[in-house]
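Data from final25.cif: mmCIF, N, CA and C atoms
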```cif
data_run
loop_
_atom_site.label_atom_id
_atom_site.label_comp_id
_atom_site.auth_asym_id
_atom_site.auth_seq_id
_atom_site.Cartn_x
_atom_site.Cartn_y
_atom_site.Cartn_z
N MET E 1 44.00 -22.47 76.76
CA MET E 1 43.47 -22.77 75.43
C MET E 1 41.94 -22.69 75.46
N MET E 2 41.39 -22.00 74.49
CA MET E 2 39.93 -21.88 74.41
C MET E 2 39.33 -23.23 74.01
N ARG E 3 38.30 -23.64 74.73
CA ARG E 3 37.62 -24.88 74.36
C ARG E 3 36.69 -24.66 73.18
N ASN E 4 36.03 -23.50 73.16
CA ASN E 4 35.07 -23.22 72.10
C ASN E 4 35.29 -21.79 71.61
N PRO E 5 36.21 -21.60 70.64
CA PRO E 5 36.50 -20.24 70.17
C PRO E 5 35.26 -19.48 69.71
N SER E 6 34.36 -20.16 69.01
CA SER E 6 33.18 -19.47 68.49
C SER E 6 32.35 -18.88 69.63
N GLN E 7 32.17 -19.63 70.71
CA GLN E 7 31.38 -19.14 71.84
C GLN E 7 32.14 -18.07 72.62
N THR E 8 33.41 -18.31 72.93
CA THR E 8 34.22 -17.36 73.69
C THR E 8 34.32 -16.03 72.96
N ILE E 9 34.67 -16.09 71.68
CA ILE E 9 34.85 -14.87 70.88
C ILE E 9 33.50 -14.20 70.64
N GLY E 10 32.46 -14.99 70.38
CA GLY E 10 31.12 -14.42 70.19
C GLY E 10 30.66 -13.64 71.41
N ASN E 11 30.91 -14.19 72.60
CA ASN E 11 30.55 -13.49 73.83
C ASN E 11 31.34 -12.20 73.99
N LEU E 12 32.63 -12.24 73.66
CA LEU E 12 33.44 -11.02 73.74
C LEU E 12 32.89 -9.95 72.79
N ILE E 13 32.56 -10.35 71.57
CA ILE E 13 32.03 -9.41 70.58
C ILE E 13 30.73 -8.77 71.08
N GLU E 14 29.88 -9.56 71.71
CA GLU E 14 28.62 -9.02 72.24
C GLU E 14 28.86 -7.99 73.34
N ARG E 15 29.93 -8.14 74.10
CA ARG E 15 30.24 -7.23 75.20
C ARG E 15 31.20 -6.10 74.80
N ALA E 16 31.74 -6.18 73.61
CA ALA E 16 32.78 -5.23 73.19
C ALA E 16 32.28 -3.80 73.27
N SER E 17 33.10 -2.96 73.86
CA SER E 17 32.76 -1.55 73.96
C SER E 17 33.38 -0.75 72.83
N MET E 18 34.22 -1.41 72.04
CA MET E 18 34.86 -0.73 70.92
C MET E 18 35.12 -1.72 69.79
N THR E 19 34.94 -1.24 68.57
CA THR E 19 35.23 -2.02 67.38
C THR E 19 36.10 -1.16 66.46
N SER E 20 37.13 -1.76 65.90
CA SER E 20 37.90 -1.03 64.88
C SER E 20 38.12 -1.95 63.68
N ILE E 21 38.23 -1.32 62.53
CA ILE E 21 38.55 -2.06 61.31
C ILE E 21 39.84 -1.47 60.75
N SER E 22 40.59 -2.30 60.05
CA SER E 22 41.85 -1.86 59.47
C SER E 22 41.92 -2.23 58.00
N TYR E 23 42.64 -1.38 57.25
CA TYR E 23 42.84 -1.60 55.83
C TYR E 23 44.21 -1.08 55.45
N ILE E 24 44.62 -1.36 54.23
CA ILE E 24 45.91 -0.89 53.70
C ILE E 24 45.61 0.27 52.75
N ASP E 25 46.25 1.42 53.01
CA ASP E 25 45.97 2.59 52.17
C ASP E 25 46.76 2.53 50.85
N ALA E 26 46.57 3.53 50.01
CA ALA E 26 47.19 3.58 48.68
C ALA E 26 48.71 3.61 48.74
N GLU E 27 49.28 4.07 49.86
CA GLU E 27 50.74 4.11 50.02
C GLU E 27 51.29 2.85 50.70
N GLY E 28 50.40 1.89 51.00
CA GLY E 28 50.83 0.64 51.60
C GLY E 28 50.88 0.62 53.12
N TYR E 29 50.36 1.67 53.76
CA TYR E 29 50.35 1.74 55.22
C TYR E 29 49.05 1.18 55.79
N PRO E 30 49.13 0.52 56.95
CA PRO E 30 47.90 0.09 57.60
C PRO E 30 47.20 1.28 58.25
N VAL E 31 45.89 1.32 58.16
CA VAL E 31 45.07 2.39 58.73
C VAL E 31 43.94 1.72 59.51
N SER E 32 43.67 2.23 60.71
CA SER E 32 42.57 1.70 61.53
C SER E 32 41.54 2.78 61.76
N ARG E 33 40.28 2.37 61.83
CA ARG E 33 39.17 3.29 62.06
C ARG E 33 38.22 2.69 63.09
N ALA E 34 37.76 3.52 64.00
CA ALA E 34 36.71 3.09 64.93
C ALA E 34 35.40 3.00 64.16
N MET E 35 34.61 2.01 64.50
CA MET E 35 33.34 1.78 63.81
C MET E 35 32.24 1.52 64.83
N LEU E 36 31.01 1.76 64.38
CA LEU E 36 29.87 1.30 65.15
C LEU E 36 29.91 -0.23 65.14
N PRO E 37 29.30 -0.88 66.11
CA PRO E 37 29.32 -2.36 66.11
C PRO E 37 28.74 -2.91 64.81
N PRO E 38 29.09 -4.15 64.48
CA PRO E 38 28.52 -4.74 63.26
C PRO E 38 27.01 -4.75 63.33
N ARG E 39 26.37 -4.49 62.19
CA ARG E 39 24.91 -4.51 62.14
C ARG E 39 24.39 -5.94 62.16
N GLU E 40 25.14 -6.82 61.57
CA GLU E 40 24.77 -8.23 61.51
C GLU E 40 26.05 -9.04 61.65
N ARG E 41 25.91 -10.28 62.09
CA ARG E 41 27.03 -11.20 62.08
C ARG E 41 26.51 -12.62 62.07
N GLU E 42 27.31 -13.51 61.47
CA GLU E 42 27.03 -14.95 61.50
C GLU E 42 28.22 -15.58 62.18
N GLY E 43 28.00 -16.05 63.41
CA GLY E 43 29.10 -16.62 64.18
C GLY E 43 30.21 -15.62 64.32
N ILE E 44 31.45 -16.08 64.15
CA ILE E 44 32.61 -15.18 64.16
C ILE E 44 33.29 -15.20 62.80
N LYS E 45 32.54 -15.61 61.77
CA LYS E 45 33.08 -15.71 60.41
C LYS E 45 32.67 -14.52 59.54
N TYR E 46 31.41 -14.09 59.62
CA TYR E 46 30.89 -13.05 58.72
C TYR E 46 30.35 -11.87 59.55
N PHE E 47 30.71 -10.66 59.12
CA PHE E 47 30.29 -9.43 59.80
C PHE E 47 29.89 -8.41 58.75
N TRP E 48 28.82 -7.65 59.02
CA TRP E 48 28.37 -6.59 58.13
C TRP E 48 28.38 -5.26 58.88
N PHE E 49 29.04 -4.26 58.28
CA PHE E 49 29.12 -2.92 58.84
C PHE E 49 28.52 -1.94 57.84
N THR E 50 27.99 -0.82 58.33
CA THR E 50 27.53 0.25 57.45
C THR E 50 28.58 1.35 57.42
N THR E 51 28.68 2.01 56.27
CA THR E 51 29.62 3.13 56.15
C THR E 51 29.26 3.98 54.95
N ASN E 52 29.99 5.07 54.80
CA ASN E 52 29.79 5.97 53.66
C ASN E 52 30.57 5.49 52.45
N THR E 53 29.91 5.42 51.32
CA THR E 53 30.56 5.02 50.08
C THR E 53 31.70 5.97 49.74
N SER E 54 31.57 7.23 50.14
CA SER E 54 32.58 8.24 49.82
C SER E 54 33.82 8.17 50.72
N SER E 55 33.82 7.31 51.73
CA SER E 55 34.96 7.26 52.65
C SER E 55 36.19 6.65 51.97
N GLN E 56 37.35 7.06 52.43
CA GLN E 56 38.62 6.60 51.86
C GLN E 56 38.75 5.08 51.91
N LYS E 57 38.25 4.47 52.96
CA LYS E 57 38.43 3.03 53.11
C LYS E 57 37.77 2.23 51.99
N ILE E 58 36.73 2.77 51.37
CA ILE E 58 36.05 2.04 50.30
C ILE E 58 36.98 1.81 49.12
N SER E 59 37.64 2.85 48.65
CA SER E 59 38.58 2.66 47.52
C SER E 59 39.75 1.77 47.92
N CYS E 60 40.18 1.88 49.18
CA CYS E 60 41.28 1.03 49.66
C CYS E 60 40.87 -0.44 49.67
N TYR E 61 39.67 -0.74 50.17
CA TYR E 61 39.21 -2.14 50.18
C TYR E 61 39.00 -2.66 48.75
N ARG E 62 38.58 -1.81 47.86
CA ARG E 62 38.40 -2.25 46.47
C ARG E 62 39.75 -2.58 45.83
N ASN E 63 40.80 -1.87 46.22
CA ASN E 63 42.15 -2.13 45.69
C ASN E 63 42.84 -3.29 46.39
N ASN E 64 42.56 -3.46 47.68
CA ASN E 64 43.20 -4.52 48.46
C ASN E 64 42.20 -4.96 49.53
N PRO E 65 41.54 -6.10 49.35
CA PRO E 65 40.50 -6.51 50.28
C PRO E 65 41.01 -7.07 51.61
N LYS E 66 42.32 -7.20 51.79
CA LYS E 66 42.83 -7.72 53.07
C LYS E 66 42.47 -6.74 54.17
N ALA E 67 42.00 -7.31 55.28
CA ALA E 67 41.49 -6.46 56.36
C ALA E 67 41.61 -7.17 57.69
N SER E 68 41.44 -6.40 58.75
CA SER E 68 41.30 -7.00 60.07
C SER E 68 40.26 -6.19 60.83
N ILE E 69 39.63 -6.84 61.79
CA ILE E 69 38.73 -6.16 62.70
C ILE E 69 39.16 -6.52 64.12
N TYR E 70 38.98 -5.58 65.04
CA TYR E 70 39.42 -5.79 66.41
C TYR E 70 38.30 -5.37 67.35
N PHE E 71 37.99 -6.25 68.28
CA PHE E 71 36.97 -6.00 69.28
C PHE E 71 37.63 -5.95 70.65
N VAL E 72 37.26 -4.95 71.46
CA VAL E 72 37.85 -4.76 72.78
C VAL E 72 36.76 -4.82 73.83
N ASP E 73 37.00 -5.62 74.86
CA ASP E 73 36.17 -5.62 76.05
C ASP E 73 37.00 -4.95 77.14
N LYS E 74 36.82 -3.62 77.28
CA LYS E 74 37.65 -2.84 78.20
C LYS E 74 37.46 -3.28 79.66
N ARG E 75 36.28 -3.68 80.01
CA ARG E 75 36.00 -4.05 81.40
C ARG E 75 36.91 -5.19 81.88
N PHE E 76 37.10 -6.19 81.02
CA PHE E 76 37.92 -7.34 81.40
C PHE E 76 39.28 -7.34 80.72
N PHE E 77 39.63 -6.24 80.05
CA PHE E 77 40.90 -6.08 79.36
C PHE E 77 41.25 -7.30 78.51
N ARG E 78 40.38 -7.55 77.56
CA ARG E 78 40.60 -8.63 76.62
C ARG E 78 40.16 -8.17 75.24
N GLY E 79 40.66 -8.84 74.23
CA GLY E 79 40.32 -8.44 72.87
C GLY E 79 40.57 -9.56 71.89
N VAL E 80 40.07 -9.35 70.68
CA VAL E 80 40.28 -10.32 69.62
C VAL E 80 40.51 -9.59 68.30
N CYS E 81 41.50 -10.05 67.57
CA CYS E 81 41.78 -9.55 66.23
C CYS E 81 41.41 -10.65 65.25
N LEU E 82 40.56 -10.33 64.31
CA LEU E 82 40.18 -11.26 63.25
C LEU E 82 40.77 -10.77 61.95
N LYS E 83 41.43 -11.66 61.21
CA LYS E 83 42.04 -11.32 59.93
C LYS E 83 41.24 -11.98 58.82
N GLY E 84 41.09 -11.25 57.71
CA GLY E 84 40.34 -11.81 56.59
C GLY E 84 40.25 -10.82 55.45
N THR E 85 39.10 -10.79 54.81
CA THR E 85 38.88 -9.92 53.66
C THR E 85 37.60 -9.11 53.84
N MET E 86 37.61 -7.92 53.23
CA MET E 86 36.46 -7.02 53.30
C MET E 86 35.93 -6.82 51.88
N GLU E 87 34.63 -6.94 51.76
CA GLU E 87 33.95 -6.78 50.48
C GLU E 87 33.01 -5.58 50.58
N VAL E 88 32.99 -4.73 49.56
CA VAL E 88 32.09 -3.58 49.51
C VAL E 88 30.81 -4.02 48.80
N LEU E 89 29.68 -3.90 49.49
CA LEU E 89 28.38 -4.30 48.93
C LEU E 89 27.50 -3.06 48.75
N GLU E 90 26.92 -2.96 47.57
CA GLU E 90 26.00 -1.85 47.29
C GLU E 90 24.65 -2.34 46.79
N THR E 91 24.36 -3.61 47.01
CA THR E 91 23.09 -4.16 46.55
C THR E 91 21.95 -3.70 47.44
N LYS E 92 20.78 -3.64 46.87
CA LYS E 92 19.59 -3.26 47.61
C LYS E 92 19.36 -4.22 48.78
N GLU E 93 19.57 -5.53 48.55
CA GLU E 93 19.35 -6.54 49.59
C GLU E 93 20.27 -6.33 50.79
N ALA E 94 21.56 -6.09 50.53
CA ALA E 94 22.53 -5.89 51.61
C ALA E 94 22.21 -4.61 52.38
N LYS E 95 21.87 -3.56 51.65
CA LYS E 95 21.57 -2.28 52.30
C LYS E 95 20.31 -2.39 53.17
N GLU E 96 19.29 -3.07 52.66
CA GLU E 96 18.05 -3.22 53.43
C GLU E 96 18.27 -4.10 54.66
N MET E 97 19.11 -5.14 54.54
CA MET E 97 19.38 -6.04 55.66
C MET E 97 19.99 -5.28 56.84
N CYS E 98 20.83 -4.30 56.54
CA CYS E 98 21.57 -3.59 57.59
C CYS E 98 20.94 -2.27 58.02
N TRP E 99 19.93 -1.82 57.30
CA TRP E 99 19.31 -0.53 57.60
C TRP E 99 18.60 -0.56 58.95
N ARG E 100 18.75 0.51 59.72
CA ARG E 100 18.08 0.62 61.02
C ARG E 100 17.36 1.96 61.10
N GLU E 101 16.32 2.00 61.92
CA GLU E 101 15.62 3.25 62.16
C GLU E 101 16.62 4.27 62.69
N GLY E 102 16.57 5.47 62.17
CA GLY E 102 17.49 6.52 62.60
C GLY E 102 18.71 6.67 61.70
N ASP E 103 18.88 5.75 60.74
CA ASP E 103 20.05 5.83 59.86
C ASP E 103 20.01 7.03 58.92
N THR E 104 18.85 7.67 58.78
CA THR E 104 18.80 8.86 57.93
C THR E 104 19.66 9.98 58.51
N MET E 105 20.04 9.87 59.77
CA MET E 105 20.97 10.84 60.37
C MET E 105 22.31 10.80 59.63
N TYR E 106 22.71 9.61 59.19
CA TYR E 106 23.97 9.43 58.47
C TYR E 106 23.77 9.43 56.96
N TYR E 107 22.62 8.90 56.53
CA TYR E 107 22.33 8.74 55.10
C TYR E 107 20.97 9.38 54.83
N PRO E 108 20.94 10.71 54.60
CA PRO E 108 19.68 11.44 54.52
C PRO E 108 18.73 11.00 53.40
N LYS E 109 19.26 10.36 52.36
CA LYS E 109 18.40 9.92 51.25
C LYS E 109 17.83 8.53 51.48
N GLY E 110 18.01 7.99 52.68
CA GLY E 110 17.43 6.69 53.01
C GLY E 110 18.26 5.53 52.51
N VAL E 111 17.62 4.36 52.50
CA VAL E 111 18.32 3.12 52.16
C VAL E 111 18.90 3.15 50.75
N ALA E 112 18.35 3.97 49.86
CA ALA E 112 18.86 4.08 48.49
C ALA E 112 19.94 5.15 48.35
N ASP E 113 20.33 5.79 49.44
CA ASP E 113 21.35 6.84 49.40
C ASP E 113 22.62 6.31 48.73
N PRO E 114 23.11 6.97 47.70
CA PRO E 114 24.33 6.49 47.03
C PRO E 114 25.57 6.57 47.92
N ASP E 115 25.49 7.31 49.02
CA ASP E 115 26.63 7.40 49.94
C ASP E 115 26.51 6.40 51.09
N TYR E 116 25.63 5.43 50.94
CA TYR E 116 25.43 4.38 51.94
C TYR E 116 25.82 3.04 51.32
N CYS E 117 26.73 2.33 51.99
CA CYS E 117 27.08 0.99 51.53
C CYS E 117 27.37 0.09 52.72
N ILE E 118 27.60 -1.16 52.41
CA ILE E 118 27.84 -2.18 53.42
C ILE E 118 29.23 -2.76 53.22
N LEU E 119 29.92 -2.97 54.33
CA LEU E 119 31.19 -3.69 54.31
C LEU E 119 30.93 -5.07 54.88
N LYS E 120 31.23 -6.11 54.10
CA LYS E 120 31.09 -7.49 54.58
C LYS E 120 32.48 -8.05 54.82
N PHE E 121 32.74 -8.38 56.09
CA PHE E 121 34.03 -8.94 56.46
C PHE E 121 33.89 -10.45 56.61
N THR E 122 34.84 -11.18 56.02
CA THR E 122 34.90 -12.63 56.15
C THR E 122 36.19 -12.98 56.86
N ALA E 123 36.07 -13.53 58.07
CA ALA E 123 37.24 -13.87 58.89
C ALA E 123 37.84 -15.20 58.45
N GLU E 124 39.17 -15.26 58.48
CA GLU E 124 39.89 -16.48 58.15
C GLU E 124 40.61 -17.06 59.36
N LYS E 125 41.13 -16.17 60.22
CA LYS E 125 41.84 -16.61 61.43
C LYS E 125 41.81 -15.49 62.44
N GLY E 126 42.17 -15.82 63.68
CA GLY E 126 42.12 -14.80 64.72
C GLY E 126 43.18 -14.99 65.78
N ARG E 127 43.29 -13.96 66.61
CA ARG E 127 44.19 -14.00 67.77
C ARG E 127 43.45 -13.37 68.94
N TYR E 128 43.36 -14.12 70.04
CA TYR E 128 42.60 -13.73 71.22
C TYR E 128 43.57 -13.39 72.34
N TYR E 129 43.30 -12.27 73.02
CA TYR E 129 44.10 -11.86 74.16
C TYR E 129 43.24 -11.80 75.40
N SER E 130 43.69 -12.47 76.48
CA SER E 130 42.99 -12.44 77.76
C SER E 130 43.94 -12.95 78.83
N ASN E 131 43.86 -12.37 80.03
CA ASN E 131 44.66 -12.82 81.17
C ASN E 131 46.16 -12.86 80.85
N PHE E 132 46.65 -11.84 80.19
CA PHE E 132 48.08 -11.68 79.88
C PHE E 132 48.62 -12.76 78.95
N LYS E 133 47.74 -13.40 78.19
CA LYS E 133 48.15 -14.43 77.24
C LYS E 133 47.41 -14.21 75.93
N SER E 134 48.07 -14.62 74.84
CA SER E 134 47.44 -14.58 73.52
C SER E 134 47.44 -15.97 72.92
N GLU E 135 46.46 -16.23 72.09
CA GLU E 135 46.45 -17.49 71.35
C GLU E 135 45.81 -17.31 69.99
N ASN E 136 46.36 -18.00 69.01
CA ASN E 136 45.83 -17.99 67.65
C ASN E 136 44.75 -19.05 67.53
N PHE E 137 43.82 -18.83 66.61
CA PHE E 137 42.79 -19.83 66.35
C PHE E 137 42.31 -19.67 64.92
N ASP E 138 41.76 -20.76 64.38
CA ASP E 138 41.19 -20.75 63.04
C ASP E 138 39.70 -20.50 63.13
N ILE E 139 39.14 -19.97 62.07
CA ILE E 139 37.71 -19.65 62.02
C ILE E 139 37.01 -20.75 61.22
N GLU E 140 35.93 -21.26 61.79
CA GLU E 140 35.13 -22.27 61.11
C GLU E 140 33.83 -21.65 60.63
N GLU E 141 33.21 -22.31 59.68
CA GLU E 141 31.89 -21.86 59.21
C GLU E 141 30.91 -21.91 60.38
N PRO E 142 30.02 -20.91 60.46
CA PRO E 142 29.01 -20.93 61.53
C PRO E 142 28.11 -22.16 61.39
N GLN E 143 27.75 -22.73 62.53
CA GLN E 143 26.87 -23.89 62.54
C GLN E 143 25.42 -23.41 62.57
N PRO E 144 24.55 -24.07 61.78
CA PRO E 144 23.14 -23.68 61.83
C PRO E 144 22.59 -23.91 63.23
N GLU E 145 21.71 -23.02 63.65
CA GLU E 145 21.11 -23.16 64.97
C GLU E 145 20.11 -24.30 64.96
N ALA E 146 20.15 -25.08 66.03
CA ALA E 146 19.27 -26.26 66.11
C ALA E 146 17.89 -25.88 66.57
#
```
In structure tokens, write the structure found in this file.
Amino acid sequence: MMRNPSQTIGNLIERASMTSISYIDAEGYPVSRAMLPPREREGIKYFWFTTNTSSQKISCYRNNPKASIYFVDKRFFRGVCLKGTMEVLETKEAKEMCWREGDTMYYPKGVADPDYCILKFTAEKGRYYSNFKSENFDIEEPQPEA
């Protein structure tokens, strides 16, 4: 049993060599996509990803916000699945918060590119796998840093 899920899972996320997100498509099937690591995160509750507004997942999340994200630490063969909801953000503030130098490679018109948006994931619960065992856990609000 994890003594401190936020710390254990947070450390795994920092070491994760792969991130995937999942959504439900228009026909009701689950679909998973590999993603760049989250641009921002607050604890293990809130995550922000960048993506193309024109991608199929955007319309799917707008129709059904249920989502999951999965982080894998291949070196130690462990992972975590977080279940929750995904929100599509197109505000200037969200886009500027996640913008990084070099992003014009993906979004040539810069931070105001209409094909650039942010996915904000809010975790509700999770399942952690390590040492041939799995365990469920609930997600708490991140604690302010002291």
Residues matched by the PyMOL selection byres (((chain E and resi 26 and name CA) around 12) and name CA) as a list in words: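 Applying the expression gives Tyr23, Ile24, Asp25, Glu27, Gly28, Tyr29, Pro30, Val31, Gln56, Lys57, Ile58, Ser59, Cys60, Tyr61, Arg62, Asn63 and Asn64 of chain E.
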Residue list (alpha helix (DSSP H), DSSP) for chain E, as an MDAnalysis selection string: chainID E and resid 5:15 56:63 92:98
Spatial neighbours of Arg78 (chain E), 5 Å, all atoms listed in the file, chain gap at least 6 places, as an MDAnalysis selection string: chainID E and resid 72 129:130
Residues of the last selection are to be written out with N, CA and C atoms, as a PDB file, in the frame of the given file.
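File written: part25.pdb
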```pdb
ATOM      1  N   VAL E  72      37.260  -4.950  71.460  1.00  0.00           N
ATOM      2  CA  VAL E  72      37.850  -4.760  72.780  1.00  0.00           C
ATOM      3  C   VAL E  72      36.760  -4.820  73.830  1.00  0.00           C
ATOM      4  N   TYR E 129      43.300 -12.270  73.020  1.00  0.00           N
ATOM      5  CA  TYR E 129      44.100 -11.860  74.160  1.00  0.00           C
ATOM      6  C   TYR E 129      43.240 -11.800  75.400  1.00  0.00           C
ATOM      7  N   SER E 130      43.690 -12.470  76.480  1.00  0.00           N
ATOM      8  CA  SER E 130      42.990 -12.440  77.760  1.00  0.00           C
ATOM      9  C   SER E 130      43.940 -12.950  78.830  1.00  0.00           C
TER      10      SER E 130
END
```
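Here the question is which of E:Thr85, E:Glu42, E:Asp115, E:Gly10 gets nearest to Ser55 (chain E) using all atoms listed in the file, and that residue is E:Asp115.
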One-decimal distance in Å that lies between atom C of Thr19 (chain E) and CA of Leu89 (chain E):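 These two atoms are separated by 19.4 Å.
Nearest residue to Met35 (chain E), choosing from E:Leu82, E:Met2, E:Met18, E:Ile118 and counting all atoms listed in the file: E:Met18.
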Residue contacts of Glu124 (chain E) (7 Å, all atoms listed in the file) excluding same-chain residues fewer than 3 positions away, as an MDAnalysis selection string: chainID E and resid 45 82:85 137:140
Residue among E:Ile69, E:Leu119, E:Val80, E:Ala94 lying closest to Ile9 (chain E), counting only C-alpha atoms: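 Using only C-alpha atoms, the shortest distance to Ile9 (chain E) belongs to E:Val80.
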Explicit residues for the PyMOL selection byres ((chain E and resi 51) around 5) (as a VMD selection string): chain E and resid 49 to 50 52 to 53 116 to 117
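Minimum distance to Ser32 (chain E) across E:Gly102, E:Ile44, E:Glu93, E:Ser20 (counting only N, CA and C atoms) occurs at E:Ser20.
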Residue among E:Pro114, E:Pro144, E:Gly79, E:Pro37 lying closest to Arg127 (chain E), counting only C-alpha atoms: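 Between E:Pro114, E:Pro144, E:Gly79, E:Pro37, the residue approaching Arg127 (chain E) most closely is E:Gly79.
Of the residues in region 31-79 of chain E, those that DSSP places in strand (DSSP E or B) on the basis of the backbone are Val31, Ser32, Arg33, Ala34, Met35, Glu40, Arg41, Glu42, Tyr46, Phe47, Trp48, Phe49, Thr50, Thr51, Asn52, Lys66, Ala67, Ser68, Ile69, Tyr70, Phe71, Val72, Asp73, Arg78 and Gly79 of chain E.
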Which residue of E:Tyr107, E:Tyr46, E:Tyr70, E:Phe76 approaches Gly126 (chain E) most closely, using only C-alpha atoms: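 Smallest separation from Gly126 (chain E) among the options: E:Tyr70.
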